[in-house]
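Engineer: Before anything else, here's the structure in question.
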Amino acid sequence: MRNRQQKFDLNSGGAPSLRGTLIKIFLLGLVDAGIGFVLFLLVAKEQYAFSIFIAVITILVNWIYLRRGGLPAKYLAPGVLLLLFFQVYVVFFSGYISFTNFGTLHNGSYVEALDAIQQAAVAPIEDATEYEIKVARNADGDLIFLAVDAAAGKVFAGGANYAKNPFREITAADGLVKDEAGYPTAVPGLTILSDDEIVDNSSKVVALKVPLGPDIKADGFLATVDGYLAQQNKFSYVYDEKTRVMTRLTDDKKFIADDSVGFFKNKDDGELLSDIGWQVNIGWNNYKKIFGDKDLRGPLTGIILWTFLFAFLSVFTTFVLGLILALIFNDPRIRGLKVYRSIFILPYAFPAFLSAYVWRGMFNTQDGFINRSLLGFMGENRIPWLEQQGPARAAVLLVNLWLGFPYMFLICTGALQAIPNDLLEAASIDGASAWKQIRAIKLPLLLVSLAPLLIASFAYNFNNFGVIYLVNGGGPFLDPTLKVTAGATDILITFVYRIAFSGSVGSDYGLASAFSVLIFLVIGSISFFSFKRTRGLEELTQ
């Protein structure tokens, strides 16, 4: 009975104090207010599914923290939520984007793309009269432009509907009253808006197009961007909403909205109306492009091989150096042992990006410390560290060795100190040499305890963007005639970054996401089989 009560007390967390309850309610209120604002924005953008999901999560969190008991859930909830939003959601969202054409040329919906194209289709008529305008409203509530041609001393009036409110000159015979400067102050049937009223109706005023003749396509229209000046414009092409066809007025060529590519496209010769497109689902096309596009497949093969080699050599070299130093400085008879260990972890404590930039300067071919001082005996035969493929790859491996060996030194030191001294003493009594103790006892035990960390280190270096990007930006770059920019030290993640954010024709987030999904599958598979192998090691050492 007592044990049951202890378990109940542990799960409930005890009786909450009034102060703690009030603080909890206050903090939850702040969180709920922020989420409420986010939900308001999502609903305004018609993101209903995502809004419902966030609302359900919010209700669940409030229930967890406001109810009495459930102490484990209160501790687990933040971690689970962060895992869902920053890991699980990112993976699934990347998977979704990989099946779309999302990128610089396709970064919005069809409606947004259509609006951008129609705005780009408007061009000013050369040498046409520019008018100063006043905005008025007629008895039906329609907005009317009162356009003043100051040079000619004329006033024109017109609305969006040419048949109802045609663009025409108005005079005193129409009841026009002008001030001394020639600007209209009163027109029968019209109410001239004040500056404040123009500001209140600014979106309608800017959107107003006043036809200059019966045919707006041929005659053009009057429009304003500020409500005070207006110019005569014409359309380059017009849109038919029913058929989703855009017609270019210069040659009457028709372009249909093609949802297979996300562009307005002529079905006869494939010409695109504009490089403004919209996001559509393209199925497996991004994955087919990765494996089927020869321009992409050429550099990609070398990048994949170098990625595996870079990750393996980074783990191997840092582990070997860290292990050697840990074995040497695990002897308590060495004087100043703590000082030496502190020195060895300095590269780990120093910011990695600063270390990378320091090494980049040291690798400078002409003035770098390595060529001028350490290798000064070579004379003018200086090593082009960052200019040729072989030296550049050696350089990034050397920088990664400098940044990574302290971590391996720390974990190897800890693992060595965990090995029972009795085991080593027994081996020494049996006549085992120091090397044999390392090979038969220390190394197997180390591999069992450190194998998960080595696997994690391999996964980290497989995606080690920082070292590659900071030391040499992935360069030196390969054949400049290639459609994709690929460097000699590029690994998959830096290559994907260049595709996603710095392509020659803009960013291609869909293709980059497809690469990211493949990288995730590769790392996941390697980790899965490696951990299975690790369990085998544990069984052998038992």
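Each chain of the structure tokens is named A, B, ... in the order shown, its residues numbered from 1; ligands are numbered from 1 in display order.
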Identify, with DSSP run on backbone atoms, the residues in stretch 134-319 of chain A assigned to helix (DSSP H, G or I), and express the list as an MDAnalysis selection string.

Structural biologist: chainID A and resid 172:174 195:200 202:207 216:219 285:292 294:319

Engineer: For A:Arg137, please output as a PDB file with N, CA, C and O atoms, in the first residue's frame all residues within 12 Å (counting only C-alpha atoms; exclusion window: fewer than 4 positions along the same chain).

Structural biologist:
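Writing the result to result02.pdb gives the following:
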ATOM      1  N   GLY A 141     -21.718  55.297 -56.666  1.00  0.00           N
ATOM      2  CA  GLY A 141     -20.610  54.833 -55.831  1.00  0.00           C
ATOM      3  C   GLY A 141     -19.388  54.425 -56.609  1.00  0.00           C
ATOM      4  O   GLY A 141     -18.423  53.915 -56.024  1.00  0.00           O
ATOM      5  N   ASP A 142     -19.400  54.607 -57.939  1.00  0.00           N
ATOM      6  CA  ASP A 142     -18.247  54.246 -58.761  1.00  0.00           C
ATOM      7  C   ASP A 142     -17.157  55.304 -58.634  1.00  0.00           C
ATOM      8  O   ASP A 142     -17.437  56.508 -58.565  1.00  0.00           O
ATOM      9  N   LEU A 143     -15.895  54.845 -58.629  1.00  0.00           N
ATOM     10  CA  LEU A 143     -14.774  55.772 -58.599  1.00  0.00           C
ATOM     11  C   LEU A 143     -14.534  56.350 -59.991  1.00  0.00           C
ATOM     12  O   LEU A 143     -14.594  55.625 -60.995  1.00  0.00           O
ATOM     13  N   ILE A 144     -14.277  57.654 -60.048  1.00  0.00           N
ATOM     14  CA  ILE A 144     -14.057  58.365 -61.311  1.00  0.00           C
ATOM     15  C   ILE A 144     -12.732  59.129 -61.226  1.00  0.00           C
ATOM     16  O   ILE A 144     -12.434  59.748 -60.196  1.00  0.00           O
ATOM     17  N   PHE A 145     -11.943  59.060 -62.304  1.00  0.00           N
ATOM     18  CA  PHE A 145     -10.737  59.876 -62.390  1.00  0.00           C
ATOM     19  C   PHE A 145     -11.075  61.216 -63.047  1.00  0.00           C
ATOM     20  O   PHE A 145     -11.709  61.247 -64.114  1.00  0.00           O
ATOM     21  N   LEU A 146     -10.657  62.314 -62.413  1.00  0.00           N
ATOM     22  CA  LEU A 146     -10.685  63.637 -63.029  1.00  0.00           C
ATOM     23  C   LEU A 146      -9.243  63.962 -63.397  1.00  0.00           C
ATOM     24  O   LEU A 146      -8.434  64.299 -62.538  1.00  0.00           O
ATOM     25  N   ALA A 157     -12.661  63.184 -67.678  1.00  0.00           N
ATOM     26  CA  ALA A 157     -13.283  62.347 -66.642  1.00  0.00           C
ATOM     27  C   ALA A 157     -13.595  60.990 -67.232  1.00  0.00           C
ATOM     28  O   ALA A 157     -13.938  60.860 -68.415  1.00  0.00           O
ATOM     29  N   GLY A 158     -13.439  59.937 -66.400  1.00  0.00           N
ATOM     30  CA  GLY A 158     -13.734  58.585 -66.867  1.00  0.00           C
ATOM     31  C   GLY A 158     -13.691  57.578 -65.736  1.00  0.00           C
ATOM     32  O   GLY A 158     -13.052  57.805 -64.697  1.00  0.00           O
ATOM     33  N   GLY A 159     -14.422  56.467 -65.911  1.00  0.00           N
ATOM     34  CA  GLY A 159     -14.456  55.401 -64.913  1.00  0.00           C
ATOM     35  C   GLY A 159     -14.056  54.070 -65.498  1.00  0.00           C
ATOM     36  O   GLY A 159     -13.651  53.968 -66.669  1.00  0.00           O
ATOM     37  N   ALA A 160     -14.178  53.019 -64.702  1.00  0.00           N
ATOM     38  CA  ALA A 160     -13.746  51.687 -65.127  1.00  0.00           C
ATOM     39  C   ALA A 160     -14.640  51.133 -66.230  1.00  0.00           C
ATOM     40  O   ALA A 160     -14.178  50.363 -67.076  1.00  0.00           O
ATOM     41  N   ASN A 165     -19.295  55.199 -68.006  1.00  0.00           N
ATOM     42  CA  ASN A 165     -18.556  56.425 -67.670  1.00  0.00           C
ATOM     43  C   ASN A 165     -17.366  56.562 -68.622  1.00  0.00           C
ATOM     44  O   ASN A 165     -16.218  56.280 -68.250  1.00  0.00           O
ATOM     45  N   ALA A 186     -15.363  71.297 -58.530  1.00  0.00           N
ATOM     46  CA  ALA A 186     -16.732  70.759 -58.445  1.00  0.00           C
ATOM     47  C   ALA A 186     -17.169  70.305 -59.824  1.00  0.00           C
ATOM     48  O   ALA A 186     -16.871  70.948 -60.835  1.00  0.00           O
ATOM     49  N   VAL A 187     -17.893  69.163 -59.856  1.00  0.00           N
ATOM     50  CA  VAL A 187     -18.481  68.627 -61.090  1.00  0.00           C
ATOM     51  C   VAL A 187     -19.862  68.098 -60.724  1.00  0.00           C
ATOM     52  O   VAL A 187     -19.985  67.322 -59.763  1.00  0.00           O
ATOM     53  N   PRO A 188     -20.906  68.509 -61.416  1.00  0.00           N
ATOM     54  CA  PRO A 188     -22.256  68.029 -61.104  1.00  0.00           C
ATOM     55  C   PRO A 188     -22.320  66.506 -61.134  1.00  0.00           C
ATOM     56  O   PRO A 188     -21.828  65.861 -62.067  1.00  0.00           O
ATOM     57  N   GLY A 189     -22.919  65.909 -60.099  1.00  0.00           N
ATOM     58  CA  GLY A 189     -23.071  64.451 -60.031  1.00  0.00           C
ATOM     59  C   GLY A 189     -21.863  63.721 -59.476  1.00  0.00           C
ATOM     60  O   GLY A 189     -21.919  62.492 -59.321  1.00  0.00           O
ATOM     61  N   LEU A 190     -20.769  64.448 -59.178  1.00  0.00           N
ATOM     62  CA  LEU A 190     -19.558  63.814 -58.658  1.00  0.00           C
ATOM     63  C   LEU A 190     -19.168  64.446 -57.323  1.00  0.00           C
ATOM     64  O   LEU A 190     -19.313  65.657 -57.133  1.00  0.00           O
ATOM     65  N   THR A 191     -18.659  63.610 -56.428  1.00  0.00           N
ATOM     66  CA  THR A 191     -18.133  64.085 -55.141  1.00  0.00           C
ATOM     67  C   THR A 191     -16.636  63.855 -55.125  1.00  0.00           C
ATOM     68  O   THR A 191     -16.178  62.702 -55.176  1.00  0.00           O
ATOM     69  N   ILE A 192     -15.852  64.923 -55.111  1.00  0.00           N
ATOM     70  CA  ILE A 192     -14.386  64.808 -55.126  1.00  0.00           C
ATOM     71  C   ILE A 192     -13.904  64.369 -53.745  1.00  0.00           C
ATOM     72  O   ILE A 192     -14.282  64.953 -52.730  1.00  0.00           O
ATOM     73  N   LEU A 193     -13.083  63.312 -53.714  1.00  0.00           N
ATOM     74  CA  LEU A 193     -12.599  62.759 -52.454  1.00  0.00           C
ATOM     75  C   LEU A 193     -11.477  63.614 -51.878  1.00  0.00           C
ATOM     76  O   LEU A 193     -10.652  64.170 -52.611  1.00  0.00           O
ATOM     77  N   SER A 194     -11.438  63.680 -50.551  1.00  0.00           N
ATOM     78  CA  SER A 194     -10.339  64.358 -49.871  1.00  0.00           C
ATOM     79  C   SER A 194      -9.121  63.444 -49.832  1.00  0.00           C
ATOM     80  O   SER A 194      -9.198  62.256 -50.173  1.00  0.00           O
ATOM     81  N   GLU A 197      -9.738  60.461 -47.658  1.00  0.00           N
ATOM     82  CA  GLU A 197     -10.617  59.469 -48.283  1.00  0.00           C
ATOM     83  C   GLU A 197      -9.880  58.680 -49.358  1.00  0.00           C
ATOM     84  O   GLU A 197     -10.142  57.482 -49.547  1.00  0.00           O
ATOM     85  N   ILE A 198      -8.952  59.326 -50.051  1.00  0.00           N
ATOM     86  CA  ILE A 198      -8.143  58.611 -51.054  1.00  0.00           C
ATOM     87  C   ILE A 198      -7.271  57.566 -50.376  1.00  0.00           C
ATOM     88  O   ILE A 198      -7.134  56.430 -50.857  1.00  0.00           O
ATOM     89  N   ASN A 201      -9.225  54.560 -49.387  1.00  0.00           N
ATOM     90  CA  ASN A 201      -9.617  53.728 -50.541  1.00  0.00           C
ATOM     91  C   ASN A 201      -8.433  53.478 -51.477  1.00  0.00           C
ATOM     92  O   ASN A 201      -8.618  53.267 -52.670  1.00  0.00           O
ATOM     93  N   LYS A 204      -8.394  50.392 -53.882  1.00  0.00           N
ATOM     94  CA  LYS A 204      -9.329  50.503 -55.008  1.00  0.00           C
ATOM     95  C   LYS A 204      -8.840  51.532 -56.021  1.00  0.00           C
ATOM     96  O   LYS A 204      -8.996  51.338 -57.232  1.00  0.00           O
ATOM     97  N   VAL A 205      -8.260  52.623 -55.533  1.00  0.00           N
ATOM     98  CA  VAL A 205      -7.775  53.676 -56.435  1.00  0.00           C
ATOM     99  C   VAL A 205      -6.623  53.147 -57.291  1.00  0.00           C
ATOM    100  O   VAL A 205      -6.583  53.363 -58.502  1.00  0.00           O
TER     101      VAL A 205
END

Engineer: Give the answer as one residue: which of A:Glu387, A:Asp430, A:Asp127, A:Asp295 has the shortest atom-to-atom distance to A:Thr485, using only C-alpha atoms?

Structural biologist: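 Selected residue with least distance to A:Thr485: A:Asp295.
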
Engineer: What are the DSSP strand (DSSP E or B) residues of stretch 24-129 of chain A, as a list in words?

Structural biologist: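 Everything in stretch 24-129 of chain A that counts as strand (DSSP E or B) is Thr100, Gly103, His106, Val122, Ala123 and Pro124 of chain A.
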
Engineer: Mind giving me the straight-line distance from atom CA of A:Leu272 to atom CA of A:Ile117 in Å, one decimal?

Structural biologist: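 Value for the atom CA of A:Leu272-atom CA of A:Ile117 distance: 12.0 Å.
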
Engineer: Using only C-alpha atoms, can you tell me which of A:Asn62, A:Ile438, A:Phe495, A:Thr307 comes closest to A:Ile523?

Structural biologist: A:Thr307

Engineer: When you count only C-alpha atoms, which of these residues is closest to A:Gly283: A:Ile256, A:Ala163, A:Val111, A:Val261?

Structural biologist: A:Val261

Engineer: Residues at most 8 Å from A:Cys412, counting only C-alpha atoms, excluding those fewer than 2 positions away in the same chain, as an NGL selection string?

Structural biologist: :A and (322-323 or 326 or 408-410 or 414-416 or 446 or 450)

Engineer: Which residue gives the smallest distance to A:Gly20 among A:Phe350, A:Tyr183, A:Phe462, A:Tyr65, with only C-alpha atoms counted?

Structural biologist: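 Among A:Phe350, A:Tyr183, A:Phe462, A:Tyr65, it is A:Tyr65 that comes nearest to A:Gly20.
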
Engineer: Mind pulling up the distance from atom CA of A:Leu208 to atom CA of A:Leu249?

Structural biologist: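 Result for atom CA of A:Leu249 versus atom CA of A:Leu208: 21.2 Å, one decimal.
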
Engineer: Choose the residue, out of A:Leu374, A:Ala500, A:Ala147, A:Ile519, that has the smallest atom-to-atom separation from A:Ile97; count only C-alpha atoms.

Structural biologist: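 Using only C-alpha atoms, A:Ile97 sits closest to A:Ala500.
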
Engineer: Which is closer to A:Asn285 than all the others in A:Ile334, A:Ile54, A:Ala514, A:Val90, using only C-alpha atoms?

Structural biologist: A:Ala514

Engineer: With a distance cut-off of 10 Å and only C-alpha atoms, select the neighbouring residues of A:Leu492, excluding the residue or stretch itself and same-chain residues fewer than 4 positions from it, and output the selection as a ChimeraX atom specification.

Structural biologist: /A:300,303-308,462-465,496-498,515-516,519

Engineer: Would you compute the distance between atom CA of A:Val245 and atom CA of A:Ser203? Give it in Å to one decimal.

Structural biologist: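 Here the two named atoms are 26.4 Å from each other.
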
Engineer: Which polymer residues have any atom within 8 Å of an atom of A:Val396, counting only C-alpha atoms, with same-chain residues fewer than 6 positions away left out, as a list of chain:residue names?

Structural biologist: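 Within the cut-off, the hits are A:Val467, A:Ile468, A:Val471, A:Thr489.
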
Engineer: Can you pull out every residue within 8 Å of stretch 28-32 of chain A, counting only C-alpha atoms, but drop anything in the same chain fewer than 4 positions away, and send it as a list in words?

Structural biologist: Lys24, Gly36, Thr58 and Asn62 of chain A
